[in-house]
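J.: Contents of model20.cif (mmCIF, C-alpha atoms and all ligand atoms):
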data_start
loop_
_atom_site.label_atom_id
_atom_site.label_comp_id
_atom_site.auth_asym_id
_atom_site.auth_seq_id
_atom_site.Cartn_x
_atom_site.Cartn_y
_atom_site.Cartn_z
CA MET A 1 44.07 -20.45 -118.33
CA LYS A 2 41.72 -22.77 -120.26
CA VAL A 3 42.46 -24.93 -123.28
CA THR A 4 39.62 -25.02 -125.80
CA ASP A 5 40.97 -27.15 -128.66
CA LEU A 6 43.84 -29.46 -129.50
CA GLU A 7 44.84 -30.63 -132.98
CA LEU A 8 47.38 -33.39 -133.53
CA ALA A 9 48.90 -34.65 -136.76
CA HIS A 10 51.34 -37.56 -136.97
CA PHE A 11 52.09 -37.19 -133.28
CA ARG A 12 53.15 -40.55 -131.78
CA ASN A 13 50.39 -43.12 -132.53
CA ILE A 14 47.91 -40.39 -133.47
CA ASP A 15 47.46 -39.90 -137.17
CA ALA A 16 45.05 -36.97 -137.01
CA MET A 17 42.89 -35.87 -134.10
CA GLN A 18 40.87 -32.85 -133.02
CA LEU A 19 39.62 -32.47 -129.48
CA HIS A 20 37.29 -29.81 -128.16
CA PHE A 21 37.64 -29.64 -124.38
CA GLY A 22 35.29 -28.72 -121.58
CA GLU A 23 36.08 -25.93 -119.13
CA HIS A 24 36.47 -28.10 -116.04
CA VAL A 25 37.08 -31.86 -115.91
CA ASN A 26 38.05 -33.72 -119.09
CA ILE A 27 38.48 -37.48 -118.87
CA ILE A 28 40.46 -39.26 -121.55
CA TYR A 29 39.79 -42.97 -121.24
CA GLY A 30 40.49 -46.20 -123.06
CA GLU A 31 42.43 -49.44 -122.83
CA ASN A 32 46.19 -49.61 -122.40
CA ALA A 33 48.40 -48.39 -125.25
CA GLN A 34 45.72 -46.45 -127.13
CA GLY A 35 47.21 -42.93 -127.01
CA LYS A 36 45.85 -41.37 -123.81
CA THR A 37 49.21 -40.36 -122.37
CA ASN A 38 50.27 -39.19 -125.84
CA ILE A 39 47.47 -36.61 -125.70
CA LEU A 40 48.59 -35.37 -122.26
CA GLU A 41 52.17 -35.26 -123.50
CA ALA A 42 51.11 -33.02 -126.38
CA LEU A 43 49.24 -30.72 -123.97
CA TRP A 44 52.35 -30.57 -121.79
CA LEU A 45 54.82 -29.72 -124.56
CA PHE A 46 53.35 -26.23 -125.04
CA THR A 47 54.80 -25.31 -121.63
CA GLY A 48 58.15 -25.27 -123.43
CA MET A 49 59.51 -27.85 -120.99
CA LYS A 50 60.90 -31.22 -121.97
CA SER A 51 58.55 -34.17 -122.18
CA PHE A 52 57.93 -35.91 -118.86
CA ARG A 53 58.70 -39.09 -120.81
CA ALA A 54 62.30 -37.97 -121.22
CA SER A 55 62.31 -38.95 -124.86
CA LYS A 56 64.05 -37.42 -127.84
CA ASP A 57 62.13 -35.00 -130.05
CA ALA A 58 62.30 -37.37 -133.04
CA GLU A 59 60.48 -40.06 -131.05
CA GLN A 60 57.39 -37.88 -130.98
CA ILE A 61 56.98 -38.03 -134.76
CA GLN A 62 54.76 -40.93 -135.82
CA PHE A 63 56.70 -43.94 -137.11
CA HIS A 64 57.37 -43.75 -140.89
CA GLN A 65 56.52 -40.02 -141.04
CA ASN A 66 58.84 -37.04 -141.48
CA GLU A 67 57.04 -34.48 -139.41
CA ALA A 68 54.48 -34.01 -136.65
CA ARG A 69 52.35 -30.98 -135.84
CA ILE A 70 50.51 -30.07 -132.70
CA LYS A 71 48.37 -26.99 -132.14
CA VAL A 72 46.44 -25.73 -129.15
CA SER A 73 43.87 -22.97 -128.77
CA PHE A 74 43.52 -21.49 -125.30
CA LEU A 75 42.11 -18.61 -123.33
CA ALA A 76 44.60 -16.61 -121.29
CA ASP A 77 44.59 -12.96 -120.18
CA ASN A 78 40.99 -12.88 -121.46
CA LEU A 79 42.24 -13.43 -124.99
CA GLU A 80 41.82 -16.32 -127.40
CA GLN A 81 45.33 -17.46 -128.21
CA SER A 82 47.05 -20.29 -130.02
CA ALA A 83 50.35 -22.10 -129.85
CA ALA A 84 51.80 -24.63 -132.26
CA ILE A 85 54.86 -26.83 -132.46
CA HIS A 86 56.17 -28.41 -135.66
CA PHE A 87 58.51 -31.35 -135.25
CA GLU A 88 60.70 -31.81 -138.28
CA GLU A 89 64.44 -32.23 -138.32
CA LYS A 90 64.33 -29.29 -135.96
CA LYS A 91 61.48 -28.10 -133.76
CA SER A 92 59.78 -24.78 -134.44
CA ALA A 93 57.21 -23.01 -132.31
CA PHE A 94 54.47 -20.48 -133.05
CA LEU A 95 52.54 -18.22 -130.73
CA ASN A 96 49.37 -16.74 -132.18
CA GLU A 97 50.55 -17.82 -135.65
CA VAL A 98 53.87 -15.94 -135.31
CA LYS A 99 57.08 -17.95 -135.23
CA VAL A 100 58.95 -17.56 -131.94
CA GLY A 101 62.65 -18.08 -131.24
CA SER A 102 62.29 -21.32 -129.34
CA VAL A 103 59.72 -23.67 -127.85
CA ALA A 104 60.70 -22.30 -124.42
CA ALA A 105 59.22 -18.93 -125.43
CA LEU A 106 55.71 -20.49 -125.26
CA SER A 107 56.10 -20.77 -121.47
CA GLU A 108 55.28 -17.09 -121.04
CA LYS A 109 51.67 -17.62 -122.09
CA TYR A 110 50.91 -21.27 -121.50
CA HIS A 111 50.98 -22.79 -118.02
CA ALA A 112 50.43 -26.39 -117.02
CA VAL A 113 51.29 -28.77 -114.22
CA ILE A 114 51.68 -32.49 -114.78
CA PHE A 115 51.29 -35.51 -112.56
CA SER A 116 52.44 -38.80 -114.04
CA PRO A 117 53.30 -42.07 -112.30
CA GLU A 118 57.01 -41.26 -112.78
CA HIS A 119 56.52 -38.31 -110.44
CA LEU A 120 56.01 -40.70 -107.55
CA SER A 121 59.80 -40.58 -107.38
CA LEU A 122 59.25 -37.19 -105.77
CA ILE A 123 58.43 -39.14 -102.63
CA LYS A 124 60.07 -42.48 -103.29
CA GLY A 125 63.29 -41.27 -104.95
CA GLY A 126 66.42 -39.61 -103.58
CA PRO A 127 66.83 -36.05 -102.25
CA HIS A 128 68.08 -34.82 -105.63
CA GLN A 129 64.59 -35.19 -107.14
CA ARG A 130 62.98 -33.21 -104.33
CA ARG A 131 65.55 -30.42 -104.55
CA LEU A 132 64.98 -30.28 -108.29
CA PHE A 133 61.20 -30.03 -107.81
CA CYS A 134 61.66 -27.10 -105.44
CA ASP A 135 64.37 -25.38 -107.51
CA ASN A 136 62.48 -25.72 -110.81
CA ALA A 137 59.41 -24.15 -109.24
CA LEU A 138 61.52 -21.30 -107.87
CA CYS A 139 63.12 -20.72 -111.28
CA GLN A 140 59.65 -20.21 -112.75
CA ILE A 141 58.65 -17.77 -110.03
CA LYS A 142 61.94 -15.92 -109.68
CA PRO A 143 64.10 -15.87 -112.81
CA ARG A 144 67.04 -14.61 -110.69
CA PHE A 145 66.98 -17.84 -108.73
CA ALA A 146 68.21 -19.72 -111.81
CA GLN A 147 71.27 -17.43 -111.87
CA PHE A 148 71.98 -18.01 -108.18
CA LEU A 149 71.73 -21.71 -108.73
CA SER A 150 73.99 -21.88 -111.76
CA LYS A 151 76.62 -19.63 -110.13
CA TYR A 152 76.47 -21.74 -106.98
CA LYS A 153 77.02 -24.92 -109.02
CA LYS A 154 79.99 -23.38 -110.84
CA ASN A 155 81.61 -22.38 -107.56
CA LEU A 156 80.99 -25.84 -106.19
CA VAL A 157 82.76 -27.46 -109.13
CA GLN A 158 85.65 -25.02 -108.72
CA ARG A 159 85.98 -25.63 -104.98
CA ASN A 160 85.98 -29.39 -105.53
CA ALA A 161 88.63 -29.06 -108.25
CA ILE A 162 90.88 -27.03 -105.96
CA LEU A 163 90.46 -29.50 -103.10
CA LYS A 164 92.20 -32.03 -105.34
CA ASP A 165 95.36 -29.97 -105.74
CA TYR A 166 95.32 -28.12 -102.43
CA LYS A 167 97.33 -30.68 -100.48
CA TYR A 168 100.23 -30.33 -102.94
CA ASN A 169 99.90 -26.61 -103.43
CA THR A 170 98.80 -24.57 -100.44
CA SER A 171 99.18 -21.34 -102.39
CA LEU A 172 95.71 -22.20 -103.71
CA GLU A 173 94.27 -21.20 -100.34
CA MET A 174 93.38 -17.73 -101.52
CA MET A 175 91.29 -19.15 -104.34
CA LEU A 176 89.66 -21.61 -102.01
CA ASP A 177 88.71 -18.68 -99.76
CA ILE A 178 87.11 -16.87 -102.69
CA PHE A 179 85.06 -19.87 -103.83
CA GLU A 180 83.94 -20.56 -100.28
CA GLU A 181 82.91 -16.94 -99.79
CA ASN A 182 80.86 -17.15 -103.01
CA LEU A 183 79.32 -20.47 -101.99
CA ALA A 184 78.28 -19.09 -98.61
CA GLN A 185 76.87 -15.94 -100.18
CA LEU A 186 74.90 -17.69 -102.94
CA GLY A 187 74.07 -20.81 -100.95
CA SER A 188 72.52 -18.89 -98.05
CA GLN A 189 70.27 -17.08 -100.54
CA ILE A 190 69.26 -20.41 -102.08
CA ILE A 191 68.36 -21.82 -98.66
CA ILE A 192 66.35 -18.73 -97.69
CA GLN A 193 64.41 -18.78 -100.98
CA ARG A 194 63.73 -22.49 -100.74
CA LYS A 195 62.40 -22.16 -97.20
CA LYS A 196 60.09 -19.31 -98.20
CA TYR A 197 58.83 -21.22 -101.20
CA LEU A 198 58.23 -24.41 -99.23
CA GLU A 199 56.25 -22.46 -96.64
CA ALA A 200 53.96 -21.13 -99.39
CA LEU A 201 53.78 -24.59 -100.97
CA GLN A 202 52.94 -26.25 -97.67
CA LYS A 203 49.91 -23.99 -97.18
CA GLN A 204 48.52 -24.92 -100.61
CA ALA A 205 49.49 -28.59 -100.64
CA ALA A 206 48.25 -29.24 -97.11
CA ALA A 207 44.83 -27.78 -97.94
CA ILE A 208 44.58 -29.95 -101.07
CA TYR A 209 45.76 -33.04 -99.20
CA THR A 210 43.14 -32.47 -96.52
CA GLY A 211 40.52 -32.47 -99.29
CA ILE A 212 41.83 -35.66 -100.90
CA ALA A 213 42.02 -37.47 -97.55
CA SER A 214 38.64 -36.07 -96.39
CA GLY A 215 40.29 -34.24 -93.53
CA LYS A 216 41.58 -37.42 -91.93
CA GLU A 217 45.30 -36.83 -92.48
CA LYS A 218 47.65 -33.88 -92.36
CA LEU A 219 50.48 -33.19 -94.79
CA GLU A 220 53.58 -31.23 -93.82
CA ILE A 221 56.78 -30.29 -95.62
CA ASP A 222 60.06 -30.24 -93.68
CA TYR A 223 63.20 -28.67 -95.08
CA HIS A 224 66.23 -30.58 -93.82
CA CYS A 225 68.96 -27.98 -93.93
CA SER A 226 72.69 -28.46 -93.37
CA PHE A 227 72.53 -25.57 -90.89
CA LYS A 228 70.48 -25.23 -87.77
CA THR A 229 70.16 -21.47 -87.64
CA GLU A 230 66.79 -19.88 -88.34
CA ASN A 231 68.45 -16.48 -88.52
CA GLU A 232 68.94 -15.27 -92.10
CA GLU A 233 71.65 -12.80 -91.04
CA THR A 234 73.92 -15.41 -89.52
CA LEU A 235 73.25 -18.16 -92.09
CA LYS A 236 76.04 -17.04 -94.41
CA GLU A 237 78.58 -16.93 -91.57
CA GLU A 238 77.54 -20.35 -90.36
CA PHE A 239 77.85 -21.76 -93.88
CA LEU A 240 81.30 -20.20 -94.31
CA ALA A 241 82.50 -21.61 -90.99
CA ALA A 242 81.16 -25.07 -91.93
CA LEU A 243 83.03 -24.97 -95.25
CA LYS A 244 86.31 -24.13 -93.49
CA ASN A 245 85.71 -26.83 -90.89
CA SER A 246 85.00 -29.49 -93.45
CA ARG A 247 88.02 -28.77 -95.67
CA SER A 248 90.17 -31.70 -94.53
CA GLU A 249 87.28 -34.15 -94.67
CA ASP A 250 86.24 -32.80 -98.09
CA MET A 251 89.80 -33.19 -99.37
CA GLN A 252 89.45 -36.94 -98.82
CA THR A 253 86.24 -37.21 -100.83
CA LEU A 254 86.94 -34.33 -103.27
CA SER A 255 83.43 -33.12 -102.68
CA THR A 256 81.71 -30.45 -100.61
CA SER A 257 79.84 -32.05 -97.74
CA VAL A 258 77.76 -29.08 -96.57
CA GLY A 259 75.38 -26.73 -98.35
CA PRO A 260 72.02 -26.61 -100.09
CA HIS A 261 73.17 -29.21 -102.66
CA ARG A 262 73.08 -31.72 -99.78
CA ASP A 263 69.78 -30.63 -98.25
CA ASP A 264 66.60 -32.68 -98.40
CA ILE A 265 62.88 -32.05 -98.27
CA GLU A 266 60.84 -34.48 -96.22
CA ILE A 267 57.14 -34.95 -96.80
CA MET A 268 55.32 -35.95 -93.64
CA ILE A 269 51.83 -37.39 -93.26
CA ASP A 270 50.44 -37.13 -89.74
CA GLY A 271 53.95 -36.48 -88.46
CA ILE A 272 55.67 -39.48 -90.05
CA SER A 273 57.75 -39.73 -93.20
CA ALA A 274 55.65 -40.45 -96.32
CA ARG A 275 58.74 -41.89 -98.02
CA LYS A 276 59.46 -44.42 -95.29
CA PHE A 277 55.99 -45.27 -94.02
CA GLY A 278 53.36 -43.97 -96.47
CA SER A 279 50.99 -46.40 -98.20
CA GLN A 280 50.83 -46.36 -102.02
CA GLY A 281 47.60 -44.35 -101.93
CA GLN A 282 49.06 -41.90 -99.43
CA GLN A 283 52.21 -41.42 -101.48
CA ARG A 284 50.17 -40.87 -104.64
CA SER A 285 47.89 -38.40 -102.84
CA ALA A 286 50.90 -36.55 -101.44
CA VAL A 287 52.55 -36.16 -104.86
CA LEU A 288 49.27 -34.99 -106.32
CA ALA A 289 48.86 -32.43 -103.52
CA LEU A 290 52.42 -31.20 -104.04
CA LYS A 291 51.93 -30.86 -107.79
CA LEU A 292 48.60 -29.05 -107.51
CA GLY A 293 50.02 -26.96 -104.67
CA GLU A 294 52.93 -26.00 -106.90
CA ALA A 295 50.48 -24.89 -109.57
CA ASN A 296 48.50 -22.81 -107.06
CA VAL A 297 51.62 -20.98 -105.87
CA LEU A 298 52.61 -20.36 -109.49
CA GLY A 299 49.05 -19.28 -110.30
CA GLU A 300 49.11 -16.75 -107.44
CA LYS A 301 52.37 -15.25 -108.69
CA THR A 302 51.53 -15.14 -112.40
CA GLY A 303 47.81 -14.45 -112.09
CA GLN A 304 47.14 -17.39 -114.46
CA GLN A 305 45.81 -20.68 -113.12
CA PRO A 306 47.68 -23.46 -114.94
CA ILE A 307 45.85 -26.45 -116.41
CA ALA A 308 46.33 -29.74 -114.54
CA LEU A 309 47.36 -32.83 -116.49
CA LEU A 310 46.84 -35.97 -114.41
CA ASP A 311 48.11 -39.11 -116.06
CA ASP A 312 46.83 -42.32 -114.53
CA VAL A 313 46.27 -40.63 -111.19
CA MET A 314 43.24 -42.71 -110.18
CA SER A 315 44.81 -46.14 -109.77
CA GLU A 316 45.54 -47.08 -106.17
CA LEU A 317 43.18 -44.38 -104.90
CA ASP A 318 39.98 -45.35 -103.11
CA GLU A 319 36.63 -44.04 -104.32
CA MET A 320 36.54 -41.17 -101.85
CA ARG A 321 39.91 -39.87 -103.03
CA GLN A 322 38.95 -40.35 -106.67
CA ASP A 323 35.71 -38.45 -106.11
CA TYR A 324 37.59 -35.52 -104.68
CA ILE A 325 39.71 -35.34 -107.83
CA LEU A 326 36.64 -35.65 -110.04
CA HIS A 327 34.49 -33.09 -108.27
CA HIS A 328 36.38 -30.80 -105.97
CA ILE A 329 39.33 -29.39 -107.81
CA GLU A 330 37.57 -26.11 -108.32
CA ASP A 331 38.67 -23.31 -110.62
CA TRP A 332 40.91 -25.69 -112.53
CA GLN A 333 40.73 -27.14 -115.95
CA VAL A 334 41.75 -30.75 -115.40
CA PHE A 335 42.69 -33.49 -117.87
CA ILE A 336 42.61 -37.00 -116.44
CA THR A 337 43.56 -40.22 -118.20
CA CYS A 338 42.21 -43.52 -116.95
CA CYS A 339 41.55 -47.09 -118.09
CA ASP A 340 38.58 -47.91 -115.89
CA PRO A 341 35.30 -46.93 -117.61
CA HIS A 342 33.56 -47.01 -114.20
CA THR A 343 35.35 -43.81 -113.32
CA ILE A 344 33.45 -41.88 -115.95
CA LEU A 345 30.13 -43.16 -114.68
CA ARG A 346 30.80 -41.37 -111.42
CA LEU A 347 31.61 -38.08 -113.12
CA LYS A 348 28.81 -35.59 -112.42
CA GLU A 349 29.93 -32.80 -114.68
CA GLY A 350 32.60 -32.69 -117.34
CA LYS A 351 33.54 -34.13 -120.70
CA THR A 352 34.75 -37.60 -121.61
CA PHE A 353 36.77 -38.77 -124.59
CA HIS A 354 37.12 -42.44 -125.53
CA ILE A 355 40.42 -43.11 -127.30
CA HIS A 356 41.02 -46.30 -129.27
CA GLN A 357 44.06 -47.03 -131.44
CA GLY A 358 45.08 -43.39 -131.66
CA LYS A 359 41.59 -42.22 -132.60
CA LEU A 360 38.77 -40.45 -130.83
CA VAL A 361 35.92 -42.95 -131.01
CA GLN A 362 33.41 -41.33 -128.71
CA GLU A 363 33.01 -37.95 -127.04
CA SER A 364 30.38 -36.88 -124.54
CA THR A 365 28.61 -33.63 -125.19
N1 LIG A 401 56.45 -42.19 -132.50
C1 LIG A 401 55.47 -43.08 -132.41
N2 LIG A 401 54.82 -43.52 -133.51
C2 LIG A 401 53.82 -44.40 -133.43
N3 LIG A 401 53.37 -44.93 -132.26
C3 LIG A 401 53.98 -44.52 -131.14
C4 LIG A 401 55.05 -43.58 -131.13
N4 LIG A 401 55.44 -43.36 -129.86
C5 LIG A 401 54.66 -44.15 -129.10
N5 LIG A 401 53.78 -44.84 -129.84
C6 LIG A 401 52.75 -45.79 -129.40
O1 LIG A 401 51.68 -45.13 -128.81
C7 LIG A 401 50.95 -46.10 -128.10
C8 LIG A 401 50.07 -45.47 -127.06
O2 LIG A 401 50.86 -44.87 -126.05
P1 LIG A 401 50.27 -44.17 -124.76
O3 LIG A 401 51.40 -44.10 -123.81
O4 LIG A 401 49.61 -42.90 -125.10
O5 LIG A 401 49.19 -45.23 -124.27
P2 LIG A 401 48.10 -45.06 -123.11
O6 LIG A 401 46.76 -45.04 -123.78
O7 LIG A 401 48.43 -43.96 -122.22
O8 LIG A 401 48.25 -46.48 -122.39
P3 LIG A 401 48.34 -46.87 -120.81
O9 LIG A 401 46.93 -46.98 -120.33
O10 LIG A 401 49.00 -48.20 -120.86
O11 LIG A 401 49.13 -45.83 -120.12
C9 LIG A 401 51.99 -47.10 -127.59
O12 LIG A 401 51.57 -48.39 -127.87
C10 LIG A 401 53.25 -46.74 -128.35
O13 LIG A 401 53.83 -47.87 -128.95
MG MG A 402 49.31 -43.93 -120.33
#
Taking this structure as input, can you express it in the form of structure tokens?
Ligand SMILES: Nc1ncnc2c1ncn2[C@@H]1O[C@H](COP(=O)(O)OP(=O)(O)OP(=O)(O)O)[C@@H](O)[C@H]1O
Ligand SMILES: [Mg+2]
T.:
Amino acid sequence: MKVTDLELAHFRNIDAMQLHFGEHVNIIYGENAQGKTNILEALWLFTGMKSFRASKDAEQIQFHQNEARIKVSFLADNLEQSAAIHFEEKKSAFLNEVKVGSVAALSEKYHAVIFSPEHLSLIKGGPHQRRLFCDNALCQIKPRFAQFLSKYKKNLVQRNAILKDYKYNTSLEMMLDIFEENLAQLGSQIIIQRKKYLEALQKQAAAIYTGIASGKEKLEIDYHCSFKTENEETLKEEFLAALKNSRSEDMQTLSTSVGPHRDDIEIMIDGISARKFGSQGQQRSAVLALKLGEANVLGEKTGQQPIALLDDVMSELDEMRQDYILHHIEDWQVFITCCDPHTILRLKEGKTFHIHQGKLVQEST
């Protein structure tokens, strides 16, 4: 997929702007607080996902205005297409000029992956963030996975609720058995799918990481599972047995101590944990490799290569790593924001956009 044009009106600090993008690398540069990330945010919103800035819709409308409009033209499936979002009291979305039911409906046609400094929490943060990264990717690839996940969560809540009353009312045992059976059934599927996905992701991310680090370091992804078995057949039984074994302990904490909701994903660089021992540049490179790897896996499944939105990715990376991002992410359309004008001097091919106070002040041809 390739974005050709973006039009913004009253979006954040941007009054009115039109950008015509290049097919490969596009660098959006300028001083702090000029509107660079706002442009990437707009490009991201057409995926139908929430903003990576976790803000409310109304915050995207320019101060003292009642509405904002954003429109993108892009090439996908060999067709020129367009998507638009109008932010008023409510949001409305349009695909090829036709109103669609929700902004989420745009996700069928428009694919993007975003790296922003907040995503460093993928390495630095807790296991929940890593599970979410994996599960969200799986939901995009396999819509049934979302059902597994939501059923699993419901059963988890129900088991935990029963644990509370079980010691006073042992007649609840039958229900506990049912919820545990469901958890083992659904949970083993979740674990199997996650492992398969992470294997595919590792192939892609490791290759990208090797490029970024000029072949000097190796990235690996380890799934830390509650269960040791590698055998898919016996996983469910092992899970069920673990649930029964942990009942009395779980009754103390009113929580379920085993299962995929407790698993973690460890990112290793040259065999050691990136979270515990990685340098800032290594952690940044690892997140970037994971994000681009995610997009490659998705691209393979959907047949559409997503665009890559890289917000402030360059800081803390040495010149060699920066050069890889500028010149070797082939087949992608990339949008990079940066403050340092020296970066654009090193760009061999691509387009640059200088943003100042919410306006495009200079554009390379
Ligand atoms: N709804 C809004 N209306 C008007 N201005 C807004 C709105 N939301 C955010 N802004 C302003 O937009 C400005 C630019 O934000 P943005 O995050 O795009 O900057 P940036 O160029 O990426 O800067 P940095 O290099 O520091 O990341 C901020 O100063 C912010 O106050
Ligand atoms: Mg920014």
J.: Would you list the contacts of Asp177 in chain A as a PyMOL selection string, taking every protein, DNA or RNA residue within 10 Å and counting all atoms listed in the file, but skipping same-chain residues closer than 3 positions in sequence?
T.: chain A and resi 159+172-174+180-183+240+243-244
J.: What is the CA of Ala274 in chain A-CA of Asp311 in chain A distance in Å, reported with one decimal?
T.: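 If I compute the distance from CA of Ala274 in chain A to CA of Asp311 in chain A, I get 21.2 Å.
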J.: Set the cut-off to 8 Å, count only C-alpha atoms and all ligand atoms, and list whatever residues fall near ligand LIG 401 (chain A) as a PyMOL selection string.
T.: chain A and resi 10-14+29-39+58-64+311-312+337-339+355+357-358
J.: How many Å lie between CA of Lys71 in chain A and CA of Lys109 in chain A, rounded to one decimal?
T.: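 Those two atoms sit 14.1 Å apart.
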J.: Got a sec to check which residues sit within 8 Å of (50.0, -31.9, -135.7), counting all atoms listed in the file, and write them as a PyMOL selection string?
T.: chain A and resi 7-11+16+68-71+85-86
J.: Given the choices A:Tyr197, A:Phe133, A:Lys56, A:Glu319, which gets closest to Ser121 in chain A if the distance is worked out from all atoms listed in the file?
T.: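 Of A:Tyr197, A:Phe133, A:Lys56, A:Glu319, the one nearest Ser121 in chain A is A:Phe133, counting all atoms listed in the file.
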